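Chemist: One structure follows; several queries about it will come next.
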Amino acid sequence: MSDFDWSDLDARSLQQLVAVVEAGSVTGAAQKLGVTQSAVSHQLDKLRGITGDPLFVKSGRGIVATARAQELAQEARALLRQLERFAHAGDFDPSRWQAKVTIAANDFQRDVLLPALARRLREAAPGVVLRIIPSDVPSLEMLRDRVCDIAISPRPPEGSDILQQRIFEDVYRVFFDPAVRQAPDSLEDYLAADHATVVYAPRRALYLDRTLEARGIRRRFVLMVPGFAGLPAFIKGSALLATAPSLLQHSLMRDMAHATVPLPCPTMPMYLIWHRQHQSDAAHRWLREQILALAPAAVPARPY
């Protein structure tokens, strides 16, 4: 017989259940939520009393969720989203917003767009903590399971419950170290050079590289790094070429020279991506509006 009544449930209990399921440990959940381990353990005991299920069992040095706990966590996420919408109903005042916002973005879009957003949040919504995680190749699960609130990527995942809006579009340039070599003066020179590129985990090549490969254009890649941030250190002092988004000239590639790619290339669109569950949420809508409003200043006009 349960010692607890279901009416004892509250948002904190649900948050902590979800956190332990996602972290796989009481310690990890406590760190994520900024509470003590004993507080998390107390809430789990309360939930065990209500559900009559152990919720977690030992596995090696850690714990794993029972099937019942996995089901409850899924329901808890939905309930927490409803509570969040309830809390933000009506007029939204960003100065009173208290939340942790997670945005998934790789180094290119992160460095182009998010410093301005961070400054905007400090001014208008000082109670918001901005967390940025790598997006790699965004998946439906990242958005459905609230691993992130927003993803920024040139390749939105496909799904009827996923919404997107284009932020900007960039072109590709050839970057190189002018102290070592000149810009390629022909297609033959470009194809004869050694190239560096980006391959996201586990083996996801850039859309540009896959497109050129499909056209039968073969380049000799001698270096592959997991993000654009890794390119400058290898290009400097070498004869390597890197074909990358032109906006990198203002940040990561500011010390490199750049030139026109001597063959037609696809453009790189950039999208704001979110789950349909957030579409009408006032806080989420405000956040999207800030990113879209800040984008023109963060993306300088191209002179070419």
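Please note that chains go A, B, ... in the order of the structure tokens, that every chain numbers its residues from 1, and that ligands are numbered from 1 in the order shown.
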Could you list, as a VMD selection string, every residue within 10 Å of A:Gln98, counting only C-alpha atoms and ignoring same-chain residues fewer than 3 positions away?
Modeler: chain A and resid 94 to 95 101 125 to 129
Chemist: Could you pull out the alpha helix (DSSP H) residues of stretch 71-295 of chain A from DSSP and send them as an MDAnalysis selection string?
Modeler: chainID A and resid 71:87 107:124 140:144 187:192 207:214 231:235 282:295
Chemist: Expressed in Å to a single decimal, how great is the separation between atom CA of A:Ile132 and atom CA of A:Asn106?
Modeler: 9.1 Å
Chemist: Could you give me, as CSV, every stretch 65-141 of chain A residue with an atom at most 10 Å from stretch 184-201 of chain A, plus its closest atom pair and distance in Å to one decimal, counting only C-alpha atoms, rows ordered by chain then number?
Modeler:
residue,atom,partner,partner_atom,distance
A:Asn106,CA,A:Tyr200,CA,9.5
A:Ser135,CA,A:Tyr200,CA,9.7
A:Asp136,CA,A:Tyr200,CA,6.0
A:Val137,CA,A:Tyr200,CA,7.5
Chemist: My list of candidates is A:Ala29, A:Thr51, A:Gln165, A:Ile103. Which is closest to A:Pro138 when distances are computed with only C-alpha atoms?
Modeler: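 Under the stated criterion, the closest residue is A:Ile103.
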Chemist: For A:Leu130, list every protein, DNA or RNA residue within 10 Å, evaluated using only C-alpha atoms, and leave out those in the same chain fewer than 4 positions away; present the list as a short mmCIF file (atom, residue, chain, number, x, y, z; two decimals) with all heavy atoms, in the first residue's frame.
Modeler:
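Saved the output as around_11.cif:
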data_model
loop_
_atom_site.label_atom_id
_atom_site.label_comp_id
_atom_site.auth_asym_id
_atom_site.auth_seq_id
_atom_site.Cartn_x
_atom_site.Cartn_y
_atom_site.Cartn_z
N ALA A 99 15.20 30.85 -16.67
CA ALA A 99 15.26 29.58 -17.39
C ALA A 99 16.68 29.30 -17.84
O ALA A 99 17.54 30.19 -17.85
CB ALA A 99 14.34 29.62 -18.61
N LYS A 100 16.91 28.03 -18.20
CA LYS A 100 18.14 27.64 -18.89
C LYS A 100 17.74 27.30 -20.32
O LYS A 100 16.92 26.41 -20.54
CB LYS A 100 18.82 26.45 -18.23
CG LYS A 100 20.08 26.00 -18.97
CD LYS A 100 20.67 24.73 -18.38
CE LYS A 100 21.32 25.00 -17.05
NZ LYS A 100 22.01 23.80 -16.51
N VAL A 101 18.30 28.01 -21.28
CA VAL A 101 17.98 27.81 -22.69
C VAL A 101 19.15 27.10 -23.35
O VAL A 101 20.30 27.54 -23.24
CB VAL A 101 17.72 29.16 -23.38
CG1 VAL A 101 17.62 28.97 -24.89
CG2 VAL A 101 16.45 29.80 -22.84
N THR A 102 18.86 26.00 -24.04
CA THR A 102 19.91 25.24 -24.71
C THR A 102 19.76 25.36 -26.22
O THR A 102 18.68 25.08 -26.77
CB THR A 102 19.85 23.75 -24.32
OG1 THR A 102 20.01 23.64 -22.90
CG2 THR A 102 20.96 22.96 -25.00
N ILE A 103 20.81 25.82 -26.87
CA ILE A 103 20.83 25.96 -28.32
C ILE A 103 21.93 25.06 -28.88
O ILE A 103 23.07 25.09 -28.42
CB ILE A 103 21.08 27.42 -28.75
CG1 ILE A 103 19.91 28.30 -28.27
CG2 ILE A 103 21.24 27.53 -30.27
CD1 ILE A 103 20.05 29.76 -28.64
N LEU A 114 25.65 33.59 -32.11
CA LEU A 114 25.28 33.49 -30.70
C LEU A 114 25.96 34.47 -29.75
O LEU A 114 25.40 34.76 -28.68
CB LEU A 114 25.47 32.05 -30.22
CG LEU A 114 24.56 31.05 -30.98
CD1 LEU A 114 24.67 29.66 -30.37
CD2 LEU A 114 23.11 31.51 -31.01
N LEU A 117 23.47 37.15 -29.42
CA LEU A 117 22.31 36.72 -28.64
C LEU A 117 22.65 36.71 -27.16
O LEU A 117 21.82 37.13 -26.33
CB LEU A 117 21.88 35.32 -29.08
CG LEU A 117 20.73 34.71 -28.26
CD1 LEU A 117 19.46 35.54 -28.43
CD2 LEU A 117 20.49 33.25 -28.65
N ALA A 118 23.84 36.26 -26.79
CA ALA A 118 24.24 36.23 -25.38
C ALA A 118 24.22 37.64 -24.79
O ALA A 118 23.77 37.85 -23.67
CB ALA A 118 25.62 35.60 -25.24
N LEU A 121 20.58 38.70 -24.30
CA LEU A 121 19.96 38.07 -23.14
C LEU A 121 20.43 38.73 -21.84
O LEU A 121 19.64 38.91 -20.92
CB LEU A 121 20.29 36.58 -23.12
CG LEU A 121 19.60 35.72 -24.21
CD1 LEU A 121 20.11 34.29 -24.17
CD2 LEU A 121 18.09 35.75 -24.06
N ARG A 122 21.70 39.07 -21.75
CA ARG A 122 22.19 39.72 -20.53
C ARG A 122 21.51 41.07 -20.30
O ARG A 122 21.28 41.48 -19.17
CB ARG A 122 23.71 39.91 -20.60
CG ARG A 122 24.48 38.60 -20.45
CD ARG A 122 25.94 38.83 -20.16
NE ARG A 122 26.63 39.48 -21.26
CZ ARG A 122 27.22 38.84 -22.25
NH1 ARG A 122 27.18 37.51 -22.29
NH2 ARG A 122 27.85 39.49 -23.20
#
Chemist: Within 7 Å of A:Ala69, counting only C-alpha atoms, which residues qualify if same-chain residues fewer than 4 places away don't, as a list in words?
Modeler: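 So, after excluding close chain neighbours, the residues are Leu55, Ala65 and Ala73 of chain A.
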Chemist: Output N, CA, C and O atoms for every residue in that selection, as a short mmCIF file (atom, residue, chain, number, x, y, z; two decimals), in the first residue's frame.
Modeler:
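Contents of result.cif, freshly written:
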data_model
loop_
_atom_site.label_atom_id
_atom_site.label_comp_id
_atom_site.auth_asym_id
_atom_site.auth_seq_id
_atom_site.Cartn_x
_atom_site.Cartn_y
_atom_site.Cartn_z
N LEU A 55 12.00 2.20 -9.99
CA LEU A 55 12.40 3.28 -10.90
C LEU A 55 13.81 3.12 -11.45
O LEU A 55 14.04 3.29 -12.64
N ALA A 65 17.45 3.11 -15.63
CA ALA A 65 16.02 3.29 -15.38
C ALA A 65 15.26 2.02 -15.72
O ALA A 65 15.58 1.33 -16.69
N ALA A 73 9.10 9.08 -17.42
CA ALA A 73 9.90 10.23 -17.83
C ALA A 73 9.34 10.86 -19.10
O ALA A 73 9.32 12.09 -19.25
#
Chemist: At a cut-off of 9 Å, using only C-alpha atoms, what residues contact stretch 14-27 of chain A? Leave out same-chain residues fewer than 4 positions from it and give the result as a short mmCIF file (atom, residue, chain, number, x, y, z; two decimals) with N, CA and C atoms, in the first residue's frame.
Modeler:
data_model
loop_
_atom_site.label_atom_id
_atom_site.label_comp_id
_atom_site.auth_asym_id
_atom_site.auth_seq_id
_atom_site.Cartn_x
_atom_site.Cartn_y
_atom_site.Cartn_z
N LEU A 9 2.54 14.91 -6.08
CA LEU A 9 3.40 15.18 -7.23
C LEU A 9 3.50 16.68 -7.50
N ASP A 10 4.70 17.13 -7.87
CA ASP A 10 4.87 18.53 -8.28
C ASP A 10 5.91 18.57 -9.39
N GLN A 31 23.88 17.71 -10.25
CA GLN A 31 24.73 18.74 -10.84
C GLN A 31 23.98 19.52 -11.91
N LYS A 32 23.23 18.82 -12.72
CA LYS A 32 22.48 19.47 -13.80
C LYS A 32 21.43 20.43 -13.25
N LEU A 33 20.77 20.04 -12.17
CA LEU A 33 19.68 20.84 -11.61
C LEU A 33 20.17 21.85 -10.58
N THR A 36 21.25 19.37 -4.24
CA THR A 36 22.06 18.35 -3.58
C THR A 36 21.61 16.96 -4.00
N GLN A 37 22.52 15.99 -3.83
CA GLN A 37 22.17 14.60 -4.13
C GLN A 37 21.07 14.11 -3.20
N SER A 38 21.11 14.55 -1.96
CA SER A 38 20.08 14.10 -1.01
C SER A 38 18.70 14.59 -1.42
N VAL A 40 17.68 15.06 -4.51
CA VAL A 40 17.24 14.19 -5.60
C VAL A 40 16.80 12.83 -5.06
N SER A 41 17.59 12.26 -4.14
CA SER A 41 17.24 10.96 -3.57
C SER A 41 15.89 11.02 -2.85
N GLN A 43 13.34 13.00 -3.53
CA GLN A 43 12.26 13.05 -4.52
C GLN A 43 12.06 11.68 -5.16
N LEU A 44 13.15 10.94 -5.38
CA LEU A 44 13.01 9.60 -5.97
C LEU A 44 12.27 8.67 -5.01
N LEU A 47 8.69 9.40 -5.30
CA LEU A 47 8.11 8.87 -6.52
C LEU A 47 7.97 7.35 -6.45
N LEU A 55 12.00 2.20 -9.99
CA LEU A 55 12.40 3.28 -10.90
C LEU A 55 13.81 3.12 -11.45
N PHE A 56 14.78 2.82 -10.57
CA PHE A 56 16.17 2.66 -11.02
C PHE A 56 16.78 1.44 -10.32
N GLY A 62 26.92 2.23 -11.95
CA GLY A 62 25.88 3.23 -12.12
C GLY A 62 24.49 2.66 -11.91
N ILE A 63 23.50 3.36 -12.42
CA ILE A 63 22.12 2.91 -12.32
C ILE A 63 21.47 3.04 -13.69
N VAL A 64 20.45 2.23 -13.91
CA VAL A 64 19.67 2.32 -15.14
C VAL A 64 18.20 2.42 -14.78
N ALA A 65 17.45 3.11 -15.63
CA ALA A 65 16.02 3.29 -15.38
C ALA A 65 15.26 2.02 -15.72
N ALA A 69 10.10 3.59 -15.34
CA ALA A 69 10.69 4.92 -15.19
C ALA A 69 10.84 5.60 -16.55
N GLN A 70 11.20 4.84 -17.58
CA GLN A 70 11.32 5.41 -18.92
C GLN A 70 9.98 5.94 -19.40
N LEU A 72 7.43 6.85 -17.49
CA LEU A 72 7.06 8.00 -16.67
C LEU A 72 7.83 9.25 -17.07
N ALA A 73 9.10 9.08 -17.42
CA ALA A 73 9.90 10.23 -17.83
C ALA A 73 9.34 10.86 -19.10
N GLN A 74 8.88 10.02 -20.03
CA GLN A 74 8.29 10.54 -21.26
C GLN A 74 7.02 11.34 -20.95
N ALA A 76 6.38 12.71 -18.06
CA ALA A 76 6.79 13.88 -17.27
C ALA A 76 7.24 15.02 -18.16
N ARG A 77 7.97 14.70 -19.25
CA ARG A 77 8.41 15.75 -20.17
C ARG A 77 7.20 16.51 -20.75
N LEU A 79 4.18 16.75 -19.42
CA LEU A 79 3.55 17.53 -18.35
C LEU A 79 4.33 18.80 -18.04
N LEU A 80 5.66 18.69 -18.04
CA LEU A 80 6.49 19.87 -17.75
C LEU A 80 6.34 20.92 -18.85
#
Chemist: For each of A:His250, A:Arg119, A:Arg81, A:Arg110, take the minimum atom-to-atom distance to A:Gln279, counting only C-alpha atoms, then give the residue where this is smallest.
Modeler: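 Closest candidate: A:Arg81.
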